[in-house]
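*Asks:* Structure incoming, see below.
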Amino acid sequence: MVASDTGDGALIWSRVEPGFYVGSRGGEFLGYIDRRPDRGYVAFDLHSSELGAFDSRDDAIAAVESQTSRHSSGAEA
Amino acid sequence: MSERDIFTSLYSSNATAPMTSSDLTALLEQSRAANRDRAITGMLLYDRGRFIQILEGPMDAVRDLLDRIREDPRHSGMRVLMDEVIDRRQFAEWSMGFLPAPDADGPPPEGFRDTFADLDAADGYATHRAARELSMWFRVRSGETATPARARVAAEPQG
Ligand SMILES: Cc1cc2nc3c(=O)[nH]c(=O)nc-3n(C[C@H](O)[C@H](O)[C@H](O)COP(=O)(O)O)c2cc1C
């Protein structure tokens, strides 16, 4: 089952097309993942700054999701 | 012109007859010339009988254009899915970019929502989220294939 989409802060990942996934929480975008033929799964924040390139989609998702917890420190790489 | 209040609107609609590639080229050429005159920018997607278009520009210009497009016999069933004021243009280089349909590949992986399915959802929250996801995808794809519309007016639509 997919996550319910109630807008109450649930984390949601959507596929726009194969290889392109957008993550959001409670209507706020967290970022997206774009699969590139030469680089694997590349994670981006919502301003399209790159967060890293990964072999697995799950690792790219983790990179997008974890940047929010780093956000308050203001010390993102 | 002041760029302070840029209004953006995203709608979907259904073509009344299948669009050939020359139909699409004609539509895009007409749109690009008119949009340049009105400071309208945006992207158009055509996917198996469905249009999705995002327009941005001064609010009055966007609203007027939406009213005109709504009357166009080439499509019907226009649904505005997103409608908001934004800080700056997302498609400043595109008098009307064109994106070929995304690759269709069956249902999304387990645990993922399907943006195109959610676009048709009855639930307004899901629809709005899907519209914003599409807008994000438009932006990324348009930047990637980035050839400004001016240099690409005659680009052949695919699909
Ligand atoms: C899917 C779709 C998208 C369109 N997009 C635009 C557009 O971006 N700009 C535009 O001027 N006309 C656009 N048109 C064409 C308008 O509907 C209309 O034909 C055009 O504005 C000319 O209107 P007029 O004959 O009243 O001057 C679009 C039509 C369709 C069916």
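Naming works like this for the structure tokens: A, B, ... for the chains as they're shown, residue 1 at the start of each chain, ligands 1 onward in shown order.
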Excluding range 51-68 of chain A and residues on its chain fewer than 3 positions from it, collect all residues at most 9 Å away from it, counting only C-alpha atoms, and give them as an mmCIF file with all heavy atoms, in the first residue's frame.

*Replies:*
```cif
data_model
loop_
_atom_site.group_PDB
_atom_site.id
_atom_site.type_symbol
_atom_site.label_atom_id
_atom_site.label_comp_id
_atom_site.auth_asym_id
_atom_site.auth_seq_id
_atom_site.Cartn_x
_atom_site.Cartn_y
_atom_site.Cartn_z
ATOM 1 N N LEU A 11 5.228 11.751 4.849
ATOM 2 C CA LEU A 11 6.279 11.792 3.848
ATOM 3 C C LEU A 11 5.789 11.049 2.608
ATOM 4 O O LEU A 11 5.328 9.919 2.706
ATOM 5 C CB LEU A 11 7.497 11.093 4.438
ATOM 6 C CG LEU A 11 8.809 11.165 3.712
ATOM 7 C CD1 LEU A 11 9.233 12.613 3.499
ATOM 8 C CD2 LEU A 11 9.854 10.446 4.536
ATOM 9 N N TRP A 13 6.586 9.991 -1.508
ATOM 10 C CA TRP A 13 7.430 9.949 -2.706
ATOM 11 C C TRP A 13 6.564 9.614 -3.900
ATOM 12 O O TRP A 13 5.742 8.700 -3.841
ATOM 13 C CB TRP A 13 8.550 8.905 -2.545
ATOM 14 C CG TRP A 13 9.692 9.462 -1.754
ATOM 15 C CD1 TRP A 13 9.863 9.371 -0.401
ATOM 16 C CD2 TRP A 13 10.785 10.235 -2.251
ATOM 17 N NE1 TRP A 13 11.015 10.047 -0.034
ATOM 18 C CE2 TRP A 13 11.599 10.575 -1.146
ATOM 19 C CE3 TRP A 13 11.169 10.676 -3.528
ATOM 20 C CZ2 TRP A 13 12.768 11.339 -1.278
ATOM 21 C CZ3 TRP A 13 12.342 11.431 -3.663
ATOM 22 C CH2 TRP A 13 13.125 11.757 -2.539
ATOM 23 N N TYR A 21 11.836 10.990 -9.335
ATOM 24 C CA TYR A 21 11.004 10.843 -8.139
ATOM 25 C C TYR A 21 11.068 12.129 -7.323
ATOM 26 O O TYR A 21 12.132 12.715 -7.154
ATOM 27 C CB TYR A 21 11.514 9.679 -7.279
ATOM 28 C CG TYR A 21 11.710 8.423 -8.094
ATOM 29 C CD1 TYR A 21 12.948 8.164 -8.695
ATOM 30 C CD2 TYR A 21 10.672 7.527 -8.315
ATOM 31 C CE1 TYR A 21 13.139 7.032 -9.487
ATOM 32 C CE2 TYR A 21 10.842 6.400 -9.099
ATOM 33 C CZ TYR A 21 12.080 6.154 -9.689
ATOM 34 O OH TYR A 21 12.260 5.049 -10.475
ATOM 35 N N GLY A 23 10.060 13.962 -3.622
ATOM 36 C CA GLY A 23 9.682 13.724 -2.233
ATOM 37 C C GLY A 23 9.092 14.972 -1.606
ATOM 38 O O GLY A 23 9.564 16.077 -1.857
ATOM 39 N N LEU A 30 10.741 18.297 -0.551
ATOM 40 C CA LEU A 30 12.039 18.064 0.077
ATOM 41 C C LEU A 30 13.135 18.058 -0.983
ATOM 42 O O LEU A 30 14.264 18.450 -0.726
ATOM 43 C CB LEU A 30 12.050 16.712 0.788
ATOM 44 C CG LEU A 30 11.001 16.503 1.887
ATOM 45 C CD1 LEU A 30 11.093 15.087 2.424
ATOM 46 C CD2 LEU A 30 11.198 17.522 2.995
ATOM 47 N N GLY A 31 12.795 17.547 -2.155
ATOM 48 C CA GLY A 31 13.789 17.446 -3.215
ATOM 49 C C GLY A 31 13.378 16.374 -4.199
ATOM 50 O O GLY A 31 12.230 15.921 -4.180
ATOM 51 N N TYR A 32 14.311 15.972 -5.034
ATOM 52 C CA TYR A 32 13.971 14.974 -6.041
ATOM 53 C C TYR A 32 15.184 14.128 -6.401
ATOM 54 O O TYR A 32 16.319 14.464 -6.037
ATOM 55 C CB TYR A 32 13.372 15.632 -7.286
ATOM 56 C CG TYR A 32 14.279 16.610 -7.987
ATOM 57 C CD1 TYR A 32 15.110 16.197 -9.016
ATOM 58 C CD2 TYR A 32 14.311 17.956 -7.617
ATOM 59 C CE1 TYR A 32 15.946 17.099 -9.664
ATOM 60 C CE2 TYR A 32 15.138 18.863 -8.261
ATOM 61 C CZ TYR A 32 15.954 18.431 -9.279
ATOM 62 O OH TYR A 32 16.782 19.327 -9.915
ATOM 63 N N ILE A 33 14.898 13.047 -7.089
ATOM 64 C CA ILE A 33 15.944 12.129 -7.538
ATOM 65 C C ILE A 33 15.815 11.955 -9.043
ATOM 66 O O ILE A 33 14.714 11.760 -9.553
ATOM 67 C CB ILE A 33 15.779 10.773 -6.835
ATOM 68 C CG1 ILE A 33 16.103 10.956 -5.355
ATOM 69 C CG2 ILE A 33 16.682 9.704 -7.452
ATOM 70 C CD1 ILE A 33 15.616 9.828 -4.505
ATOM 71 N N ARG A 35 17.553 9.806 -12.160
ATOM 72 C CA ARG A 35 18.500 8.766 -12.550
ATOM 73 C C ARG A 35 19.196 9.180 -13.831
ATOM 74 O O ARG A 35 18.547 9.498 -14.826
ATOM 75 C CB ARG A 35 17.787 7.430 -12.731
ATOM 76 C CG ARG A 35 18.759 6.262 -12.851
ATOM 77 C CD ARG A 35 18.046 4.933 -12.999
ATOM 78 N NE ARG A 35 17.221 4.927 -14.185
ATOM 79 C CZ ARG A 35 16.015 4.342 -14.274
ATOM 80 N NH1 ARG A 35 15.507 3.739 -13.228
ATOM 81 N NH2 ARG A 35 15.333 4.387 -15.396
ATOM 82 N N ARG A 39 25.611 8.342 -14.015
ATOM 83 C CA ARG A 39 25.926 8.648 -12.622
ATOM 84 C C ARG A 39 25.055 7.932 -11.605
ATOM 85 O O ARG A 39 25.261 8.084 -10.406
ATOM 86 C CB ARG A 39 25.811 10.159 -12.392
ATOM 87 C CG ARG A 39 26.653 10.960 -13.379
ATOM 88 C CD ARG A 39 26.764 12.416 -12.972
ATOM 89 N NE ARG A 39 27.175 12.554 -11.609
ATOM 90 C CZ ARG A 39 26.760 13.528 -10.801
ATOM 91 N NH1 ARG A 39 25.926 14.437 -11.232
ATOM 92 N NH2 ARG A 39 27.166 13.580 -9.557
ATOM 93 N N GLY A 40 24.064 7.190 -12.056
ATOM 94 C CA GLY A 40 23.175 6.530 -11.103
ATOM 95 C C GLY A 40 22.095 7.482 -10.595
ATOM 96 O O GLY A 40 21.667 8.379 -11.323
ATOM 97 N N TYR A 41 21.704 7.278 -9.344
ATOM 98 C CA TYR A 41 20.602 8.071 -8.773
ATOM 99 C C TYR A 41 21.162 9.348 -8.150
ATOM 100 O O TYR A 41 21.859 9.291 -7.148
ATOM 101 C CB TYR A 41 19.860 7.253 -7.720
ATOM 102 C CG TYR A 41 19.125 6.070 -8.316
ATOM 103 C CD1 TYR A 41 19.758 4.837 -8.443
ATOM 104 C CD2 TYR A 41 17.818 6.206 -8.759
ATOM 105 C CE1 TYR A 41 19.092 3.744 -9.002
ATOM 106 C CE2 TYR A 41 17.144 5.121 -9.316
ATOM 107 C CZ TYR A 41 17.787 3.902 -9.440
ATOM 108 O OH TYR A 41 17.129 2.831 -9.987
ATOM 109 N N VAL A 42 20.859 10.466 -8.751
ATOM 110 C CA VAL A 42 21.398 11.726 -8.248
ATOM 111 C C VAL A 42 20.303 12.430 -7.436
ATOM 112 O O VAL A 42 19.175 12.597 -7.910
ATOM 113 C CB VAL A 42 21.883 12.627 -9.399
ATOM 114 C CG1 VAL A 42 22.582 13.863 -8.849
ATOM 115 C CG2 VAL A 42 22.825 11.854 -10.323
ATOM 116 N N ALA A 43 20.654 12.774 -6.202
ATOM 117 C CA ALA A 43 19.697 13.416 -5.295
ATOM 118 C C ALA A 43 19.887 14.923 -5.316
ATOM 119 O O ALA A 43 21.018 15.420 -5.347
ATOM 120 C CB ALA A 43 19.910 12.881 -3.870
ATOM 121 N N PHE A 44 18.777 15.658 -5.308
ATOM 122 C CA PHE A 44 18.809 17.124 -5.328
ATOM 123 C C PHE A 44 17.894 17.663 -4.232
ATOM 124 O O PHE A 44 16.857 17.067 -3.932
ATOM 125 C CB PHE A 44 18.287 17.651 -6.671
ATOM 126 C CG PHE A 44 19.132 17.281 -7.849
ATOM 127 C CD1 PHE A 44 18.913 16.095 -8.525
ATOM 128 C CD2 PHE A 44 20.167 18.117 -8.280
ATOM 129 C CE1 PHE A 44 19.692 15.736 -9.619
ATOM 130 C CE2 PHE A 44 20.949 17.772 -9.380
ATOM 131 C CZ PHE A 44 20.708 16.579 -10.047
ATOM 132 N N ASP A 45 18.251 18.816 -3.689
ATOM 133 C CA ASP A 45 17.315 19.474 -2.788
ATOM 134 C C ASP A 45 16.305 20.258 -3.620
ATOM 135 O O ASP A 45 16.324 20.219 -4.851
ATOM 136 C CB ASP A 45 18.051 20.355 -1.759
ATOM 137 C CG ASP A 45 18.668 21.615 -2.374
ATOM 138 O OD1 ASP A 45 18.386 21.943 -3.557
ATOM 139 O OD2 ASP A 45 19.445 22.284 -1.666
ATOM 140 N N SER A 48 17.397 22.422 -6.467
ATOM 141 C CA SER A 48 18.198 21.735 -7.478
ATOM 142 C C SER A 48 19.684 21.741 -7.188
ATOM 143 O O SER A 48 20.502 21.593 -8.092
ATOM 144 C CB SER A 48 17.942 22.297 -8.890
ATOM 145 O OG SER A 48 16.640 21.967 -9.312
ATOM 146 N N HIS A 71 19.043 20.696 8.301
ATOM 147 C CA HIS A 71 18.696 22.048 7.907
ATOM 148 C C HIS A 71 18.875 23.047 9.037
ATOM 149 O O HIS A 71 19.415 24.127 8.861
ATOM 150 C CB HIS A 71 17.243 22.072 7.419
ATOM 151 C CG HIS A 71 16.850 23.370 6.830
ATOM 152 N ND1 HIS A 71 16.031 24.246 7.489
ATOM 153 C CD2 HIS A 71 17.195 23.964 5.664
ATOM 154 C CE1 HIS A 71 15.883 25.318 6.735
ATOM 155 N NE2 HIS A 71 16.562 25.184 5.636
ATOM 156 N N SER A 72 18.461 22.669 10.248
ATOM 157 C CA SER A 72 18.486 23.616 11.359
ATOM 158 C C SER A 72 19.909 24.017 11.731
ATOM 159 O O SER A 72 20.146 25.097 12.247
ATOM 160 C CB SER A 72 17.777 23.007 12.570
ATOM 161 O OG SER A 72 18.319 21.736 12.822
ATOM 162 N N GLU A 76 24.908 22.742 5.848
ATOM 163 C CA GLU A 76 24.863 21.730 4.807
ATOM 164 C C GLU A 76 26.047 21.820 3.874
ATOM 165 O O GLU A 76 26.547 22.902 3.605
ATOM 166 C CB GLU A 76 23.583 21.904 3.983
ATOM 167 C CG GLU A 76 22.381 21.370 4.734
ATOM 168 C CD GLU A 76 21.114 21.643 3.977
ATOM 169 O OE1 GLU A 76 21.101 21.408 2.768
ATOM 170 O OE2 GLU A 76 20.150 22.107 4.621
ATOM 171 N N ALA A 77 26.510 20.664 3.440
ATOM 172 C CA ALA A 77 27.630 20.632 2.506
ATOM 173 C C ALA A 77 27.186 21.140 1.153
ATOM 174 O O ALA A 77 26.073 20.927 0.749
ATOM 175 C CB ALA A 77 28.149 19.205 2.389
#
```

*Asks:* What does the list of residues within 10 Å of ligand 1 look like if you count only C-alpha atoms and all ligand atoms, written as JSON, numbers by chain?

*Replies:* {"B": [11, 12, 13, 14, 15, 16, 19, 24, 26, 27, 28, 29, 30, 31, 32, 33, 34, 35, 36, 37, 38, 40, 41, 42, 43, 44, 45, 46, 50, 51, 52, 53, 54, 55, 56, 62, 64, 65, 66, 67, 68, 69, 70, 71, 72, 73, 74, 75, 76, 78, 95, 96, 97]}

*Asks:* May I have the residues from that selection written out with C-alpha atoms, as a CSV table (one decimal), in the first residue's frame?

*Replies:*
```csv
chain,number,residue,atom,x,y,z
B,11,TYR,CA,-4.0,22.9,-16.3
B,12,SER,CA,-4.8,19.7,-17.9
B,13,SER,CA,-7.2,19.1,-20.8
B,14,ASN,CA,-8.1,16.5,-23.4
B,15,ALA,CA,-7.4,16.9,-27.1
B,16,THR,CA,-10.6,16.7,-29.1
B,19,MET,CA,-2.6,15.9,-32.5
B,24,LEU,CA,1.7,20.5,-32.4
B,26,ALA,CA,1.7,24.8,-35.6
B,27,LEU,CA,0.2,25.3,-32.1
B,28,LEU,CA,3.6,25.9,-30.6
B,29,GLU,CA,4.6,28.5,-33.3
B,30,GLN,CA,1.4,30.3,-32.8
B,31,SER,CA,1.7,30.3,-29.0
B,32,ARG,CA,5.4,31.3,-28.9
B,33,ALA,CA,4.9,34.4,-31.1
B,34,ALA,CA,1.8,35.5,-29.1
B,35,ASN,CA,3.4,34.7,-25.7
B,36,ARG,CA,6.5,36.8,-26.5
B,37,ASP,CA,4.3,39.8,-27.0
B,38,ARG,CA,2.5,39.3,-23.7
B,40,ILE,CA,4.1,34.8,-21.1
B,41,THR,CA,6.4,31.9,-20.6
B,42,GLY,CA,5.8,28.2,-19.8
B,43,MET,CA,5.8,24.6,-20.9
B,44,LEU,CA,3.4,22.3,-22.8
B,45,LEU,CA,3.2,18.6,-22.5
B,46,TYR,CA,1.2,16.4,-24.9
B,50,ARG,CA,-3.8,14.8,-22.9
B,51,PHE,CA,-2.4,18.4,-22.7
B,52,ILE,CA,-0.7,19.7,-19.6
B,53,GLN,CA,0.4,23.3,-19.8
B,54,ILE,CA,2.0,25.6,-17.3
B,55,LEU,CA,1.7,29.3,-18.0
B,56,GLU,CA,3.4,32.1,-16.1
B,62,VAL,CA,-2.3,34.7,-17.8
B,64,ASP,CA,-6.9,36.3,-20.3
B,65,LEU,CA,-4.9,33.7,-22.0
B,66,LEU,CA,-6.5,30.9,-20.0
B,67,ASP,CA,-9.9,32.2,-21.0
B,68,ARG,CA,-8.9,32.2,-24.6
B,69,ILE,CA,-7.3,28.7,-24.5
B,70,ARG,CA,-10.4,27.3,-22.7
B,71,GLU,CA,-12.5,28.2,-25.8
B,72,ASP,CA,-10.1,26.5,-28.2
B,73,PRO,CA,-11.9,23.7,-30.1
B,74,ARG,CA,-8.7,21.7,-30.3
B,75,HIS,CA,-9.3,20.5,-26.7
B,76,SER,CA,-11.9,20.3,-24.0
B,78,MET,CA,-9.8,22.1,-19.1
B,95,SER,CA,8.1,31.4,-24.6
B,96,MET,CA,6.5,27.9,-24.7
B,97,GLY,CA,8.7,24.9,-24.3
```

*Asks:* Counting only C-alpha atoms, a student should be able to say which residues of chain B come within 8 Å of chain A; what is the right answer, written as a list in words?

*Replies:*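 My answer is Pro102, Asp103, Ala104, Asp105, Pro108, Glu110, Gly111, Phe112, Arg113, Asp114, Thr115, Phe116, Tyr125, Ala126, Arg129, Glu133, Leu134 and Trp137 of chain B.
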
*Asks:* Leaving out Gly57 in chain B and any residue of its chain fewer than 6 positions from it, which residues lie within 10 Å of it when counting only C-alpha atoms, given as a list in words?

*Replies:*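 So, after excluding close chain neighbours, the residues are Glu3, Asp5, Ile6, Phe7, Thr8, Ser9, Asn35, Arg38, Ala39, Ile40, Thr41, Gly42, Arg63, Val85, Ile86, Arg88, Arg89, Phe91 and Ala92 of chain B.
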
*Asks:* Can you spit out the residues from that selection as a compact mmCIF listing (two decimals), in the first residue's frame, using all heavy atoms?

*Replies:*
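Below is the file out-v4.txt, written as the result:
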```txt
# COMPACT_ATOMS: atom_id res chain seq x y z
N GLU B 3 8.59 42.60 -12.74
CA GLU B 3 8.49 41.15 -12.60
C GLU B 3 8.08 40.79 -11.18
O GLU B 3 8.31 39.70 -10.71
CB GLU B 3 9.82 40.51 -12.95
CG GLU B 3 10.13 40.50 -14.43
CD GLU B 3 9.35 39.41 -15.17
OE1 GLU B 3 9.55 38.24 -14.89
OE2 GLU B 3 8.52 39.78 -16.02
N ASP B 5 5.04 40.52 -9.54
CA ASP B 5 3.99 39.55 -9.28
C ASP B 5 3.79 38.65 -10.47
O ASP B 5 3.08 38.99 -11.40
CB ASP B 5 2.69 40.25 -8.91
CG ASP B 5 2.79 40.85 -7.53
OD1 ASP B 5 3.36 40.18 -6.65
OD2 ASP B 5 2.33 41.98 -7.32
N ILE B 6 4.46 37.55 -10.43
CA ILE B 6 4.32 36.56 -11.49
C ILE B 6 3.30 35.54 -11.05
O ILE B 6 3.35 35.00 -9.95
CB ILE B 6 5.69 35.90 -11.77
CG1 ILE B 6 6.64 36.91 -12.41
CG2 ILE B 6 5.53 34.70 -12.68
CD1 ILE B 6 6.16 37.44 -13.74
N PHE B 7 2.36 35.33 -11.93
CA PHE B 7 1.28 34.41 -11.64
C PHE B 7 1.51 33.16 -12.46
O PHE B 7 1.95 33.24 -13.61
CB PHE B 7 -0.03 35.10 -12.04
CG PHE B 7 -1.26 34.32 -11.71
CD1 PHE B 7 -1.68 34.20 -10.39
CD2 PHE B 7 -2.02 33.75 -12.70
CE1 PHE B 7 -2.84 33.51 -10.07
CE2 PHE B 7 -3.19 33.05 -12.39
CZ PHE B 7 -3.59 32.93 -11.07
N THR B 8 1.25 32.01 -11.87
CA THR B 8 1.42 30.77 -12.63
C THR B 8 0.19 29.90 -12.51
O THR B 8 -0.49 29.91 -11.48
CB THR B 8 2.69 30.00 -12.19
OG1 THR B 8 2.86 28.86 -13.02
CG2 THR B 8 2.58 29.53 -10.76
N SER B 9 -0.10 29.21 -13.57
CA SER B 9 -1.27 28.37 -13.61
C SER B 9 -0.92 27.10 -14.37
O SER B 9 -0.21 27.15 -15.37
CB SER B 9 -2.37 29.15 -14.33
OG SER B 9 -3.61 28.58 -14.10
N ASN B 35 2.96 34.65 -27.11
CA ASN B 35 3.41 34.73 -25.73
C ASN B 35 4.54 35.74 -25.55
O ASN B 35 4.62 36.44 -24.54
CB ASN B 35 3.86 33.36 -25.23
CG ASN B 35 2.70 32.40 -25.08
OD1 ASN B 35 1.54 32.79 -25.23
ND2 ASN B 35 2.99 31.15 -24.79
N ARG B 38 3.27 39.07 -24.95
CA ARG B 38 2.52 39.28 -23.71
C ARG B 38 3.32 38.91 -22.47
O ARG B 38 2.75 38.79 -21.38
CB ARG B 38 1.24 38.45 -23.72
CG ARG B 38 0.27 38.84 -24.82
CD ARG B 38 -1.06 38.14 -24.63
NE ARG B 38 -1.96 38.44 -25.73
CZ ARG B 38 -2.05 37.72 -26.85
NH1 ARG B 38 -1.29 36.65 -27.00
NH2 ARG B 38 -2.89 38.05 -27.80
N ALA B 39 4.61 38.67 -22.63
CA ALA B 39 5.47 38.31 -21.50
C ALA B 39 4.99 37.05 -20.79
O ALA B 39 5.07 36.93 -19.57
CB ALA B 39 5.61 39.47 -20.52
N ILE B 40 4.48 36.12 -21.60
CA ILE B 40 4.07 34.82 -21.06
C ILE B 40 5.17 33.81 -21.36
O ILE B 40 5.73 33.80 -22.46
CB ILE B 40 2.77 34.33 -21.75
CG1 ILE B 40 1.64 35.33 -21.54
CG2 ILE B 40 2.41 32.91 -21.31
CD1 ILE B 40 0.70 35.03 -20.43
N THR B 41 5.46 32.98 -20.36
CA THR B 41 6.40 31.89 -20.56
C THR B 41 5.76 30.60 -20.03
O THR B 41 4.74 30.65 -19.34
CB THR B 41 7.75 32.16 -19.84
OG1 THR B 41 7.48 32.56 -18.49
CG2 THR B 41 8.53 33.27 -20.54
N GLY B 42 6.35 29.46 -20.35
CA GLY B 42 5.79 28.22 -19.83
C GLY B 42 6.20 27.00 -20.61
O GLY B 42 7.13 27.03 -21.42
N ARG B 63 -4.51 35.15 -16.98
CA ARG B 63 -5.95 34.88 -16.89
C ARG B 63 -6.64 35.05 -18.24
O ARG B 63 -7.49 34.24 -18.62
CB ARG B 63 -6.59 35.83 -15.86
CG ARG B 63 -6.16 35.51 -14.44
CD ARG B 63 -7.37 35.25 -13.57
NE ARG B 63 -7.05 34.45 -12.40
CZ ARG B 63 -6.81 34.94 -11.20
NH1 ARG B 63 -6.89 36.24 -10.99
NH2 ARG B 63 -6.52 34.14 -10.20
N VAL B 85 0.65 32.84 -7.10
CA VAL B 85 1.65 33.88 -7.32
C VAL B 85 3.00 33.32 -6.89
O VAL B 85 3.10 32.65 -5.87
CB VAL B 85 1.30 35.14 -6.50
CG1 VAL B 85 2.43 36.17 -6.57
CG2 VAL B 85 -0.01 35.75 -6.99
N ILE B 86 4.01 33.54 -7.71
CA ILE B 86 5.35 33.04 -7.38
C ILE B 86 6.36 34.19 -7.41
O ILE B 86 6.10 35.26 -7.97
CB ILE B 86 5.80 31.92 -8.35
CG1 ILE B 86 5.62 32.36 -9.83
CG2 ILE B 86 5.00 30.65 -8.09
CD1 ILE B 86 6.15 31.34 -10.83
N ARG B 88 9.45 34.29 -8.77
CA ARG B 88 10.12 34.54 -10.04
C ARG B 88 9.75 33.44 -11.02
O ARG B 88 9.33 32.35 -10.61
CB ARG B 88 11.63 34.63 -9.87
CG ARG B 88 12.24 33.40 -9.30
CD ARG B 88 13.71 33.60 -8.99
NE ARG B 88 14.27 32.36 -8.51
CZ ARG B 88 14.71 31.38 -9.28
NH1 ARG B 88 14.71 31.52 -10.59
NH2 ARG B 88 15.18 30.26 -8.78
N ARG B 89 9.96 33.73 -12.28
CA ARG B 89 9.61 32.75 -13.31
C ARG B 89 10.45 31.49 -13.17
O ARG B 89 11.64 31.56 -12.88
CB ARG B 89 9.87 33.35 -14.69
CG ARG B 89 8.91 34.43 -15.08
CD ARG B 89 9.33 35.03 -16.43
NE ARG B 89 8.56 36.25 -16.66
CZ ARG B 89 7.43 36.31 -17.37
NH1 ARG B 89 6.96 35.22 -17.95
NH2 ARG B 89 6.78 37.44 -17.50
N PHE B 91 10.33 29.39 -15.88
CA PHE B 91 10.58 29.02 -17.29
C PHE B 91 10.91 30.26 -18.11
O PHE B 91 10.41 30.44 -19.22
CB PHE B 91 9.36 28.28 -17.86
CG PHE B 91 8.99 27.07 -17.06
CD1 PHE B 91 7.96 27.12 -16.14
CD2 PHE B 91 9.71 25.89 -17.19
CE1 PHE B 91 7.64 26.01 -15.37
CE2 PHE B 91 9.39 24.78 -16.43
CZ PHE B 91 8.35 24.83 -15.52
N ALA B 92 11.75 31.11 -17.53
CA ALA B 92 12.01 32.41 -18.13
C ALA B 92 12.52 32.32 -19.56
O ALA B 92 12.31 33.23 -20.36
CB ALA B 92 13.00 33.19 -17.26
```

*Asks:* Using only C-alpha atoms, find the one residue out of B:Asp60, B:Asp47, B:Glu93, B:Glu84 that sits nearest to Gly143 in chain B.

*Replies:* B:Glu93

*Asks:* Calculate how many Å separate CA of His128 in chain B from CA of Gly77 in chain B, rounding to one decimal.

*Replies:* 17.3 Å

*Asks:* Separation of CA of Arg141 in chain B and CA of Met59 in chain B, in Å?

*Replies:*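 Spanning CA of Arg141 in chain B to CA of Met59 in chain B is a straight-line distance of 25.0 Å.
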
*Asks:* Mind checking DSSP for chain B and telling me the alpha helix (DSSP H) residues as a PyMOL selection string?

*Replies:* chain B and resi 21-38+59-70+115-119+124-144

*Asks:* Can you tell me how far CA of Ala10 in chain A sits from CA of Leu81 in chain B, in Å to one decimal?

*Replies:*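 Computing it gives 21.3 Å between the two atoms.
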